[in-house]
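File shown: final-v2.cif. Contents: mmCIF, C-alpha atoms and all ligand atoms.
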```
data_protein
loop_
_atom_site.label_atom_id
_atom_site.label_comp_id
_atom_site.auth_asym_id
_atom_site.auth_seq_id
_atom_site.Cartn_x
_atom_site.Cartn_y
_atom_site.Cartn_z
CA MET A 15 90.15 109.69 121.14
CA SER A 16 89.36 106.56 123.20
CA ASP A 17 91.91 104.60 121.12
CA LEU A 18 94.54 107.19 122.01
CA LYS A 19 93.58 107.00 125.69
CA HIS A 20 94.29 103.28 125.66
CA LEU A 21 97.85 104.01 124.52
CA VAL A 22 98.59 106.01 127.69
CA ARG A 23 100.07 103.82 130.45
CA SER A 24 98.73 104.53 133.94
CA ILE A 25 101.18 103.83 136.77
CA PRO A 26 99.74 103.93 140.30
CA ASP A 27 101.73 105.48 143.15
CA TYR A 28 104.45 107.01 140.94
CA PRO A 29 106.51 109.05 141.77
CA LYS A 30 104.88 108.89 145.21
CA PRO A 31 101.88 107.21 146.88
CA GLY A 32 98.51 108.57 145.76
CA ILE A 33 99.69 109.84 142.35
CA MET A 34 98.41 108.07 139.24
CA PHE A 35 101.17 108.82 136.74
CA ARG A 36 99.92 109.10 133.14
CA ASP A 37 102.84 107.85 131.06
CA VAL A 38 102.72 109.14 127.47
CA THR A 39 105.88 107.31 126.35
CA THR A 40 103.66 104.40 125.28
CA LEU A 41 101.54 106.81 123.21
CA PHE A 42 104.63 108.43 121.65
CA ALA A 43 106.08 105.00 120.79
CA ASP A 44 103.03 104.08 118.70
CA ALA A 45 103.43 105.46 115.16
CA GLN A 46 99.72 105.99 114.45
CA GLY A 47 99.08 107.13 118.01
CA PHE A 48 101.79 109.77 117.91
CA LYS A 49 100.69 111.01 114.49
CA ALA A 50 97.05 111.29 115.60
CA THR A 51 98.09 113.02 118.84
CA ILE A 52 99.99 115.72 116.95
CA ALA A 53 97.19 116.13 114.38
CA GLN A 54 94.57 116.60 117.12
CA MET A 55 96.73 119.04 119.09
CA VAL A 56 97.38 121.15 115.97
CA GLU A 57 93.75 121.18 114.77
CA PRO A 58 92.45 124.20 116.79
CA TYR A 59 95.40 126.37 115.66
CA ARG A 60 95.64 125.54 111.95
CA PHE A 61 94.33 128.94 110.87
CA GLU A 62 95.72 131.03 113.75
CA PRO A 63 98.79 133.19 113.22
CA ILE A 64 101.42 131.79 115.61
CA ASP A 65 105.05 132.90 115.75
CA ALA A 66 106.40 130.10 117.93
CA VAL A 67 105.55 127.08 120.03
CA ALA A 68 107.01 127.10 123.56
CA GLY A 69 107.51 123.52 124.78
CA ILE A 70 108.04 122.65 128.44
CA GLU A 71 110.86 120.20 129.26
CA ALA A 72 110.87 117.34 128.59
CA ARG A 73 107.74 115.82 127.08
CA GLY A 74 106.66 119.25 125.84
CA PHE A 75 109.79 119.24 123.63
CA ILE A 76 108.76 116.05 121.83
CA LEU A 77 105.25 117.35 121.22
CA GLY A 78 106.24 120.96 120.65
CA GLY A 79 108.83 120.20 117.96
CA ALA A 80 106.32 118.22 115.93
CA ILE A 81 103.56 120.82 116.45
CA ALA A 82 105.87 123.70 115.42
CA ASP A 83 106.77 121.80 112.26
CA ARG A 84 103.07 121.30 111.41
CA LEU A 85 102.23 124.95 112.09
CA GLY A 86 105.28 126.19 110.18
CA CYS A 87 106.56 128.24 113.12
CA GLY A 88 109.58 128.28 115.43
CA PHE A 89 110.19 126.33 118.64
CA ILE A 90 111.27 127.81 122.00
CA PRO A 91 112.46 125.56 124.85
CA ILE A 92 111.34 126.22 128.42
CA ARG A 93 113.75 124.24 130.59
CA LYS A 94 114.45 123.24 134.16
CA LYS A 95 116.78 125.61 136.03
CA GLY A 96 120.43 125.65 134.89
CA LYS A 97 120.02 123.86 131.55
CA LEU A 98 119.87 126.74 129.03
CA PRO A 99 123.25 128.07 127.81
CA TRP A 100 122.47 131.78 127.36
CA ASN A 101 121.09 134.48 129.74
CA THR A 102 117.79 133.36 131.22
CA ILE A 103 114.85 134.56 133.25
CA GLY A 104 113.32 132.12 135.73
CA GLN A 105 110.01 131.45 137.41
CA ASP A 106 109.28 129.28 140.47
CA TYR A 107 106.21 127.06 140.46
CA ASP A 108 104.43 124.35 142.46
CA LEU A 109 104.10 120.88 140.96
CA GLU A 110 101.44 118.32 141.80
CA TYR A 111 104.40 116.75 143.64
CA GLY A 112 107.07 119.21 144.88
CA THR A 113 108.35 122.59 143.64
CA ASP A 114 110.68 123.60 140.83
CA THR A 115 111.96 126.48 138.65
CA ILE A 116 111.71 126.81 134.88
CA GLU A 117 113.70 129.17 132.69
CA ILE A 118 113.57 130.72 129.21
CA HIS A 119 116.28 132.54 127.28
CA GLU A 120 115.79 136.25 127.89
CA ASP A 121 115.76 136.93 124.12
CA ALA A 122 113.76 133.87 123.00
CA VAL A 123 110.55 135.83 122.41
CA LYS A 124 110.31 139.17 120.66
CA PRO A 125 107.77 141.69 121.97
CA GLY A 126 104.31 141.06 120.58
CA GLU A 127 105.04 137.58 119.28
CA ARG A 128 102.13 135.15 119.46
CA ILE A 129 103.15 132.03 121.38
CA LEU A 130 101.44 128.65 121.87
CA VAL A 131 102.44 126.78 125.07
CA VAL A 132 102.71 122.96 124.80
CA ASP A 133 103.03 120.26 127.47
CA ASP A 134 101.93 116.65 127.87
CA LEU A 135 99.60 117.06 130.84
CA ILE A 136 97.88 119.72 132.93
CA ALA A 137 97.20 118.92 136.58
CA THR A 138 97.32 121.91 138.97
CA GLY A 139 98.29 124.23 136.09
CA GLY A 140 101.30 125.47 138.08
CA THR A 141 103.81 124.58 135.37
CA ALA A 142 101.74 126.10 132.56
CA GLU A 143 101.10 129.23 134.64
CA ALA A 144 104.85 129.65 135.22
CA ALA A 145 105.49 129.23 131.47
CA ILE A 146 102.83 131.85 130.67
CA LYS A 147 104.38 134.26 133.19
CA LEU A 148 107.84 133.76 131.67
CA ILE A 149 106.60 134.41 128.13
CA THR A 150 104.59 137.42 129.25
CA ARG A 151 107.67 138.84 131.04
CA THR A 152 109.65 138.58 127.78
CA GLY A 153 106.92 140.63 126.04
CA GLY A 154 105.23 137.73 124.24
CA ASP A 155 101.49 137.15 123.89
CA VAL A 156 100.38 133.64 124.92
CA ILE A 157 97.49 132.85 122.57
CA GLY A 158 96.79 129.38 123.92
CA ALA A 159 98.01 126.30 125.74
CA VAL A 160 97.61 122.75 124.45
CA PHE A 161 98.05 119.44 126.25
CA VAL A 162 97.58 115.76 125.53
CA ILE A 163 95.91 115.10 128.91
CA ASP A 164 93.72 117.16 131.22
CA LEU A 165 93.02 116.07 134.80
CA PRO A 166 89.83 118.14 135.22
CA GLU A 167 89.24 117.22 138.88
CA ILE A 168 92.44 119.07 139.80
CA GLY A 169 91.27 122.24 138.04
CA GLY A 170 94.45 123.48 136.33
CA ARG A 171 92.74 124.17 133.04
CA LYS A 172 90.20 126.49 134.70
CA LYS A 173 93.07 128.29 136.42
CA ILE A 174 94.83 128.89 133.08
CA GLU A 175 91.62 129.95 131.33
CA ALA A 176 91.04 132.46 134.16
CA LEU A 177 94.31 134.09 132.97
CA ASN A 178 92.62 134.60 129.57
CA VAL A 179 94.65 131.85 127.94
CA PRO A 180 92.37 129.37 126.10
CA CYS A 181 93.33 125.71 126.67
CA HIS A 182 92.84 122.54 124.68
CA ALA A 183 93.47 118.92 125.68
CA ILE A 184 92.79 115.91 123.49
CA MET A 185 91.78 113.59 126.35
CA ALA A 186 90.92 113.69 130.04
CA PHE A 187 91.34 111.26 132.93
CA GLU A 188 89.31 111.16 136.12
CA GLY A 189 91.10 111.45 139.44
CA HIS A 190 94.52 112.81 140.36
P1 LIG B 201 100.96 120.82 137.01
O1 LIG B 201 102.00 121.89 137.09
O2 LIG B 201 100.44 120.41 138.34
O3 LIG B 201 99.87 121.16 136.02
O4 LIG B 201 101.71 119.52 136.47
C1 LIG B 201 102.00 119.36 135.12
C2 LIG B 201 103.39 118.85 134.88
O5 LIG B 201 103.73 117.80 135.78
C3 LIG B 201 103.50 118.29 133.49
O6 LIG B 201 104.77 118.66 132.97
C4 LIG B 201 103.38 116.80 133.67
O7 LIG B 201 104.29 116.12 132.84
C5 LIG B 201 103.70 116.54 135.14
N1 LIG B 201 102.63 115.78 135.81
C6 LIG B 201 101.86 116.21 136.84
N2 LIG B 201 100.99 115.28 137.24
C7 LIG B 201 101.20 114.21 136.45
C8 LIG B 201 100.58 112.91 136.35
N3 LIG B 201 99.58 112.53 137.16
N4 LIG B 201 101.04 112.07 135.40
C9 LIG B 201 102.05 112.45 134.58
N5 LIG B 201 102.66 113.64 134.61
C10 LIG B 201 102.25 114.52 135.54
#
```
As structure tokens, please, write out the structure in this file.
Ligand code: AMP
Amino acid sequence: MSDLKHLVRSIPDYPKPGIMFRDVTTLFADAQGFKATIAQMVEPYRFEPIDAVAGIEARGFILGGAIADRLGCGFIPIRKKGKLPWNTIGQDYDLEYGTDTIEIHEDAVKPGERILVVDDLIATGGTAEAAIKLITRTGGDVIGAVFVIDLPEIGGRKKIEALNVPCHAIMAFEGH
């Protein structure tokens, strides 16, 4: 785990002063690092029935595609507003920096399907909460949420677990 942590690049004051941006592109670019990241993210779910992975744009797509392949299930994109080609439902959310809207195709999830949410990092949990709401509104059952990085001081993971969605992260960083 500590080896993987060293592959994450930390960029102070990006995209605005006071934010320490945890850049996973350096982790993804490392062949062994990326492989180990996917293996560790998949581990808790290897024996769970899962119908699809829902990845959050954009880094959640890179992770989610690989995780879906390992779990032998489908992949569902959750995208920024206006990007999906078919009918969508949308959900507003607060970011650690700013606000935004994410969308899912209205027919992406069938009622009762068991869905795993994937993103690179959880900070406030606002993005993951919006994704969970979208999937729940389509009739899906979010069985978990998995991240590369948790920022525990911000408390997003606790917020998601309070919604009865178990969370996993393969590493944590102090601070914001
Ligand atoms: P939040 O909704 O506050 O949990 O923020 C999570 C989303 O914002 C994820 O999609 C992250 O990619 C991005 N994000 C928030 N804070 C950071 C950070 N400090 N470093 C890198 N990405 C971040």
- prompt: Quick one: of A:Ile90, A:Ile52, A:Leu165, A:Ala80, who's nearest to ligand LIG 201 (chain B), counting only C-alpha atoms and all ligand atoms?
  reply: A:Leu165
message: I'd like to know which of A:Leu130, A:Ala145, A:Cys87, A:Ile76 is closest to A:His182, using only C-alpha atoms.
response: A:Leu130
message: List as JSON, numbers by chain the protein and nucleic acid residues near A:Thr40, meaning an atom at most 7 Å away when only C-alpha atoms are counted, but skip any in the same chain fewer than 3 places from it.
response: {"A": [21, 22, 23, 37, 43, 44]}
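For A:Ala66, the set of protein, DNA and RNA residues having any atom at most 9 Å away, when counting all atoms listed in the file and skipping those fewer than 6 positions along the same chain, is Ala82, Leu85, Gly86, Cys87, Gly88, Phe89, Ile90, Val123, Glu127, Arg128, Ile129, Leu130 and Val131 of chain A.
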- request: Please work out which residues fall within 9 Å of (96.2, 134.7, 116.4), coordinates as given in the file, with only C-alpha atoms counting, and return them as number ranges by chain.
  value: A: 59, 61-64, 128-129, 157
What does the file look like for those residues with C-alpha atoms, as a CSV table (one decimal), in the frame of the given file?
```
chain,number,residue,atom,x,y,z
A,59,TYR,CA,95.4,126.4,115.7
A,61,PHE,CA,94.3,128.9,110.9
A,62,GLU,CA,95.7,131.0,113.8
A,63,PRO,CA,98.8,133.2,113.2
A,64,ILE,CA,101.4,131.8,115.6
A,128,ARG,CA,102.1,135.2,119.5
A,129,ILE,CA,103.2,132.0,121.4
A,157,ILE,CA,97.5,132.8,122.6
```
Can you sort out the box for stretch 130-149 of chain A, edges along x, y and z, all listed atoms in, 6 Å on every side, with centre and edge lengths in Å to one decimal, as JSON?
```
{"center_x": 102.5, "center_y": 125.5, "center_z": 130.4, "size_x": 22.6, "size_y": 29.8, "size_z": 29.1}
```
Nearest to ligand LIG 201 (chain B), chosen from A:Leu18, A:Ala45, A:Ile163, A:Met34, with only C-alpha atoms and all ligand atoms counted in the distances: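 Between A:Leu18, A:Ala45, A:Ile163, A:Met34, the residue approaching ligand LIG 201 (chain B) most closely is A:Met34.
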Nearby residues (all atoms listed in the file) at most 8 Å from A:Leu98, same-chain spacing under 5 positions excluded, as a list in words: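 Residues near the query, excluding close chain neighbours: Arg93, Glu117, Ile118 and His119 of chain A.
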Mind listing the residues within 7 Å of ligand LIG 201 (chain B), only C-alpha atoms and all ligand atoms counted, as a CSV table (one decimal) with C-alpha atoms, keeping the file's coordinate frame?
```csv
chain,number,residue,atom,x,y,z
A,33,ILE,CA,99.7,109.8,142.4
A,34,MET,CA,98.4,108.1,139.2
A,35,PHE,CA,101.2,108.8,136.7
A,36,ARG,CA,99.9,109.1,133.1
A,37,ASP,CA,102.8,107.8,131.1
A,70,ILE,CA,108.0,122.6,128.4
A,73,ARG,CA,107.7,115.8,127.1
A,108,ASP,CA,104.4,124.4,142.5
A,109,LEU,CA,104.1,120.9,141.0
A,110,GLU,CA,101.4,118.3,141.8
A,133,ASP,CA,103.0,120.3,127.5
A,134,ASP,CA,101.9,116.6,127.9
A,135,LEU,CA,99.6,117.1,130.8
A,136,ILE,CA,97.9,119.7,132.9
A,137,ALA,CA,97.2,118.9,136.6
A,138,THR,CA,97.3,121.9,139.0
A,139,GLY,CA,98.3,124.2,136.1
A,140,GLY,CA,101.3,125.5,138.1
A,141,THR,CA,103.8,124.6,135.4
A,142,ALA,CA,101.7,126.1,132.6
A,170,GLY,CA,94.4,123.5,136.3
A,190,HIS,CA,94.5,112.8,140.4
```
query: How many Å separate atom CA of A:Ala144 from atom CA of A:Thr115?
result: 8.5 Å
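Excluding A:Asn178 itself and same-chain residues fewer than 4 positions from it, the residues having an atom within 10 Å of it are A:Val156, A:Ile157, A:Gly158, A:Lys172, A:Lys173, A:Ile174, counting only C-alpha atoms.
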